[in-house]
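Step one of this worksheet: look at the structure below.
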Amino acid sequence: MGQMNRRTVRDLRRGNRSTLLRQLYFQGPVSRQELGTLTGLSSGSVSNVVGELLADGLVEEAGSVESDGGRPRTLLRVAPGSGHLIGVDVGETHVRVELFDLTLTELARWEHPLTPGGLEREPEPVVGHILTGLDAVVAKSGAEPGKVIGVGVGVPGVVEQGDEALVHGPTAGRDAVPLERLLRTGTELPLFIDNGATAQGQAEMWFGAGRGADNAVIALIGSGVGAAIVTAGMPYRGATSSAGEWGHTVVQVGGRACRCGAVGCLEAYVGAQAVLDRYGRRAGGVYGGAEGDAAAGAGAGAGVGAAAGVGACLGAGEDQQAAFAAIVGAAGTEARAREVLEETAAYLGAGIADLINLFNPERIILGGWAGLLLGGRMLPRIRAATASYALHRPYAQTEIGLAELGPDAVALGAATLPLAHFLATGRAR
């Protein structure tokens, strides 16, 4: 019984520490009195736990404010330099590693491009790039390895959480890649691995367009298409952590082939490469050809210029983003680009309507580099298309807007994985 009581007291203290740390992180700077109001903890409990956090260097004083008739109240906040977080974005075209302080201010970045479909995207080379990036950002920032709270890794595909993290990436022809075990051969830093869309969604909920919402879907469009589903403030993962593969829901029976092996997937219509493919076909051949020349003869010279611009991007070895941006930029003056984007907005609206009908979220947040480019020009059209497919009442109660953390926020999102562990445990390591 004594051992049970000691464990209960210890667990209670750990819970109080986590509760106060979360409030200081998200609400700070705040005073001890405000912490008591926010958490419902007694002044004695607040004083004791805050004393521990100050002694551990995790919390620091941040000035003071006048109080009503009494002494000024000291403000407290989480100490930015008390720990470091690393986020890794394993994307379709790059491996990006970023190191942050505890308040997610970026201190160092390293990036390595990947050739789409190349051998460099196999697990072992990718692991090598990640390990190189970890060493690079630690050295560049001057951070002490012992103060790195953890490394979050955001990857495409399904991440099976168990004794070790296994990555299933059917679109890349991989299954059950033991990514955590492979990384362990080169680093002793704590590792947290998750789907990149889920990680980025967590960042948007904490710091971006999802703040204040308990039920939301962060819909991310880039080379691939995915979603982070948040219900009652928590990510919805499903029975085996594969929830959120929104890009592989079917929008057209017997439709376009998808790289996952199925046909008619949403990704095959709104993913960046799908948009480029459809534009190229309409332009005639590979991004401007016979049909484009014919169109020019009919007075559509602007169309040929746009098609040639996309072709130049790809021909020069530029990434998908430049080519996709060229199409979006041409849509104001060029009929083919406008037609492709209108069609893309219609399919995207149908996909978003499915999310609304299934999950009844407060917000749909459209992000990812291609999603932000598309949404920046076509958001009213996307909303109108969604309204035509969604049930009226849940649609009327859902806000559809753009993500706020930028087009390349996967590494930031990945850094929230060790941050979440830190806030839950109340300890840096």
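Identifiers for the structure tokens are assigned positionally: chains receive A, B, ... in sequence, residues are indexed from 1 per chain, and ligands are indexed from 1 in the order shown.
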For Leu412 in chain A, work out the shell of residues within 12 Å, counting only C-alpha atoms and skipping chain neighbours fewer than 3 positions away, then give it as a VMD selection string.
-> chain A and resid 85 to 89 96 to 107 109 151 to 154 196 to 204 206 to 208 405 to 409 415 to 419
Taking the chain letters and numbering used in this document, name the residues of range 382-423 of chain A that DSSP puts in strand (DSSP E or B), as a list in words.
-> Glu399, Ile400, Gly401 and Leu402 of chain A
Create the file for the chosen residues now, containing N, CA and C atoms and written as an mmCIF file, in the first residue's frame.
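Below is the file that was written, selection-v7.cif:
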data_model
loop_
_atom_site.group_PDB
_atom_site.id
_atom_site.type_symbol
_atom_site.label_atom_id
_atom_site.label_comp_id
_atom_site.auth_asym_id
_atom_site.auth_seq_id
_atom_site.Cartn_x
_atom_site.Cartn_y
_atom_site.Cartn_z
ATOM 1 N N GLU A 399 -15.752 26.343 -41.604
ATOM 2 C CA GLU A 399 -14.906 27.359 -42.219
ATOM 3 C C GLU A 399 -13.872 26.659 -43.108
ATOM 4 N N ILE A 400 -13.661 27.186 -44.300
ATOM 5 C CA ILE A 400 -12.629 26.665 -45.195
ATOM 6 C C ILE A 400 -11.628 27.782 -45.444
ATOM 7 N N GLY A 401 -10.402 27.588 -45.004
ATOM 8 C CA GLY A 401 -9.390 28.627 -45.149
ATOM 9 C C GLY A 401 -8.030 28.029 -45.427
ATOM 10 N N LEU A 402 -7.024 28.885 -45.460
ATOM 11 C CA LEU A 402 -5.664 28.474 -45.803
ATOM 12 C C LEU A 402 -4.803 28.314 -44.559
#
Residue among A:Ala345, A:Leu358, A:Val275, A:Val177 lying closest to Gln320 in chain A, counting only C-alpha atoms = A:Val275
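Residue nearest Leu366 in chain A within the list A:Ala257, A:Met234, A:Ala274, A:Ala227: A:Ala227 [criterion: smallest interatomic distance, only C-alpha atoms].
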Give me the residues within 9 Å of Arg256 in chain A as a VMD selection string, counting only C-alpha atoms and dropping any in the same chain fewer than 3 places off.
-> chain A and resid 252 to 253 262 to 265 268 to 269
Those same residues - N, CA, C and O atoms - I'd like them written as a PDB file, in the first residue's frame.
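For reference, selection_0.pdb as written:
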ATOM      1  N   GLN A 252     -13.419   9.208 -58.754  1.00  0.00           N
ATOM      2  CA  GLN A 252     -13.861   8.859 -60.105  1.00  0.00           C
ATOM      3  C   GLN A 252     -13.695   7.351 -60.311  1.00  0.00           C
ATOM      4  O   GLN A 252     -12.575   6.854 -60.388  1.00  0.00           O
ATOM      5  N   VAL A 253     -14.821   6.624 -60.354  1.00  0.00           N
ATOM      6  CA  VAL A 253     -14.753   5.178 -60.590  1.00  0.00           C
ATOM      7  C   VAL A 253     -14.196   4.940 -61.989  1.00  0.00           C
ATOM      8  O   VAL A 253     -14.643   5.538 -62.974  1.00  0.00           O
ATOM      9  N   ALA A 262      -4.096   2.001 -57.430  1.00  0.00           N
ATOM     10  CA  ALA A 262      -5.537   2.050 -57.659  1.00  0.00           C
ATOM     11  C   ALA A 262      -5.838   3.050 -58.776  1.00  0.00           C
ATOM     12  O   ALA A 262      -4.939   3.658 -59.360  1.00  0.00           O
ATOM     13  N   VAL A 263      -7.125   3.209 -59.082  1.00  0.00           N
ATOM     14  CA  VAL A 263      -7.534   4.179 -60.093  1.00  0.00           C
ATOM     15  C   VAL A 263      -8.597   5.099 -59.504  1.00  0.00           C
ATOM     16  O   VAL A 263      -9.349   4.710 -58.613  1.00  0.00           O
ATOM     17  N   GLY A 264      -8.629   6.328 -59.991  1.00  0.00           N
ATOM     18  CA  GLY A 264      -9.654   7.272 -59.579  1.00  0.00           C
ATOM     19  C   GLY A 264      -9.406   7.974 -58.270  1.00  0.00           C
ATOM     20  O   GLY A 264     -10.299   8.649 -57.749  1.00  0.00           O
ATOM     21  N   CYS A 265      -8.190   7.845 -57.691  1.00  0.00           N
ATOM     22  CA  CYS A 265      -7.897   8.492 -56.400  1.00  0.00           C
ATOM     23  C   CYS A 265      -7.894  10.010 -56.545  1.00  0.00           C
ATOM     24  O   CYS A 265      -7.536  10.564 -57.583  1.00  0.00           O
ATOM     25  N   ALA A 268      -4.779  11.557 -57.861  1.00  0.00           N
ATOM     26  CA  ALA A 268      -4.573  11.472 -59.304  1.00  0.00           C
ATOM     27  C   ALA A 268      -5.236  12.617 -60.051  1.00  0.00           C
ATOM     28  O   ALA A 268      -5.086  12.731 -61.277  1.00  0.00           O
ATOM     29  N   TYR A 269      -5.957  13.486 -59.337  1.00  0.00           N
ATOM     30  CA  TYR A 269      -6.619  14.636 -59.947  1.00  0.00           C
ATOM     31  C   TYR A 269      -6.150  15.969 -59.378  1.00  0.00           C
ATOM     32  O   TYR A 269      -6.157  16.970 -60.082  1.00  0.00           O
TER      33      TYR A 269
END
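Look at Gly83 in chain A: the protein and nucleic acid residues within 8 Å of it, using only C-alpha atoms and passing over chain neighbours fewer than 2 places away, are Leu58, Pro80, Gly81, Leu85, Asp101, Leu102, Lys147, Val148, Ile149 and Ala428 of chain A.
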Selected residues, all heavy atoms, written as a short mmCIF file (atom, residue, chain, number, x, y, z; two decimals), in the first residue's frame, please.
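And here's result-v8.cif as it stands now:
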data_model
loop_
_atom_site.label_atom_id
_atom_site.label_comp_id
_atom_site.auth_asym_id
_atom_site.auth_seq_id
_atom_site.Cartn_x
_atom_site.Cartn_y
_atom_site.Cartn_z
N LEU A 58 14.00 25.13 -16.84
CA LEU A 58 13.01 25.04 -17.92
C LEU A 58 12.12 26.27 -17.98
O LEU A 58 11.50 26.54 -19.02
CB LEU A 58 12.14 23.78 -17.73
CG LEU A 58 12.88 22.45 -17.78
CD1 LEU A 58 11.92 21.30 -17.54
CD2 LEU A 58 13.60 22.28 -19.11
N PRO A 80 13.43 29.73 -23.58
CA PRO A 80 13.67 29.28 -24.96
C PRO A 80 14.94 28.45 -25.13
O PRO A 80 14.98 27.49 -25.90
CB PRO A 80 13.76 30.59 -25.75
CG PRO A 80 13.00 31.58 -24.95
CD PRO A 80 13.26 31.19 -23.51
N GLY A 81 15.99 28.81 -24.40
CA GLY A 81 17.27 28.13 -24.58
C GLY A 81 17.48 26.93 -23.70
O GLY A 81 18.57 26.36 -23.67
N LEU A 85 14.95 21.39 -30.23
CA LEU A 85 14.10 20.43 -30.94
C LEU A 85 14.57 20.36 -32.38
O LEU A 85 14.93 21.37 -32.98
CB LEU A 85 12.63 20.89 -30.91
CG LEU A 85 12.03 21.17 -29.53
CD1 LEU A 85 10.79 22.04 -29.68
CD2 LEU A 85 11.68 19.86 -28.83
N ASP A 101 14.91 26.32 -31.14
CA ASP A 101 14.93 26.40 -29.69
C ASP A 101 13.59 25.91 -29.17
O ASP A 101 12.73 25.46 -29.94
CB ASP A 101 15.28 27.80 -29.20
CG ASP A 101 14.20 28.85 -29.45
OD1 ASP A 101 13.05 28.49 -29.78
OD2 ASP A 101 14.50 30.05 -29.34
N LEU A 102 13.38 25.99 -27.87
CA LEU A 102 12.19 25.38 -27.27
C LEU A 102 10.91 26.12 -27.65
O LEU A 102 9.82 25.56 -27.54
CB LEU A 102 12.34 25.32 -25.75
CG LEU A 102 11.48 24.29 -25.01
CD1 LEU A 102 11.63 22.90 -25.62
CD2 LEU A 102 11.85 24.26 -23.54
N LYS A 147 21.34 18.71 -24.87
CA LYS A 147 20.18 19.58 -24.68
C LYS A 147 19.16 19.44 -25.80
O LYS A 147 18.18 20.17 -25.85
CB LYS A 147 20.63 21.04 -24.56
CG LYS A 147 21.44 21.34 -23.29
CD LYS A 147 21.76 22.80 -23.15
CE LYS A 147 20.53 23.63 -22.85
NZ LYS A 147 20.86 25.05 -22.56
N VAL A 148 19.41 18.51 -26.72
CA VAL A 148 18.42 18.23 -27.76
C VAL A 148 17.36 17.31 -27.18
O VAL A 148 17.63 16.15 -26.84
CB VAL A 148 19.08 17.59 -29.00
CG1 VAL A 148 18.01 17.22 -30.03
CG2 VAL A 148 20.10 18.55 -29.62
N ILE A 149 16.16 17.82 -27.02
CA ILE A 149 15.08 17.06 -26.40
C ILE A 149 14.68 15.88 -27.26
O ILE A 149 14.35 14.80 -26.74
CB ILE A 149 13.87 18.00 -26.16
CG1 ILE A 149 14.24 19.02 -25.09
CG2 ILE A 149 12.63 17.21 -25.76
CD1 ILE A 149 13.21 20.12 -24.93
N ALA A 428 12.93 17.49 -20.01
CA ALA A 428 13.61 17.68 -21.28
C ALA A 428 14.12 16.37 -21.86
O ALA A 428 14.14 16.18 -23.07
CB ALA A 428 14.77 18.67 -21.11
#
Using DSSP on the backbone coordinates, identify all residues within range 188-230 of chain A classified as helix (DSSP H, G or I); present the result as a count of residues only.
-> 12
Do a neighbour search on Glu180 in chain A at 9 Å with only C-alpha atoms, toss out local chain neighbours closer than 6 positions, and write the hits as a VMD selection string.
-> chain A and resid 164 to 166 191 to 193
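Interatomic distance, CA of Ala209 in chain A to CA of Gly367 in chain A: 9.9 Å.
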Once you count only C-alpha atoms, what closest atom pair and distance in Å to one decimal does each residue of range 48-116 of chain A within 9 Å of range 22-25 of chain A have, with rows by chain and rising residue number, as a tab-separated table?
residue	atom	partner	partner_atom	distance
A:Val59	CA	A:Leu24	CA	8.3
A:Leu76	CA	A:Leu24	CA	7.2
A:Arg77	CA	A:Leu24	CA	5.5
A:Val78	CA	A:Tyr25	CA	5.8
A:Thr103	CA	A:Tyr25	CA	8.0
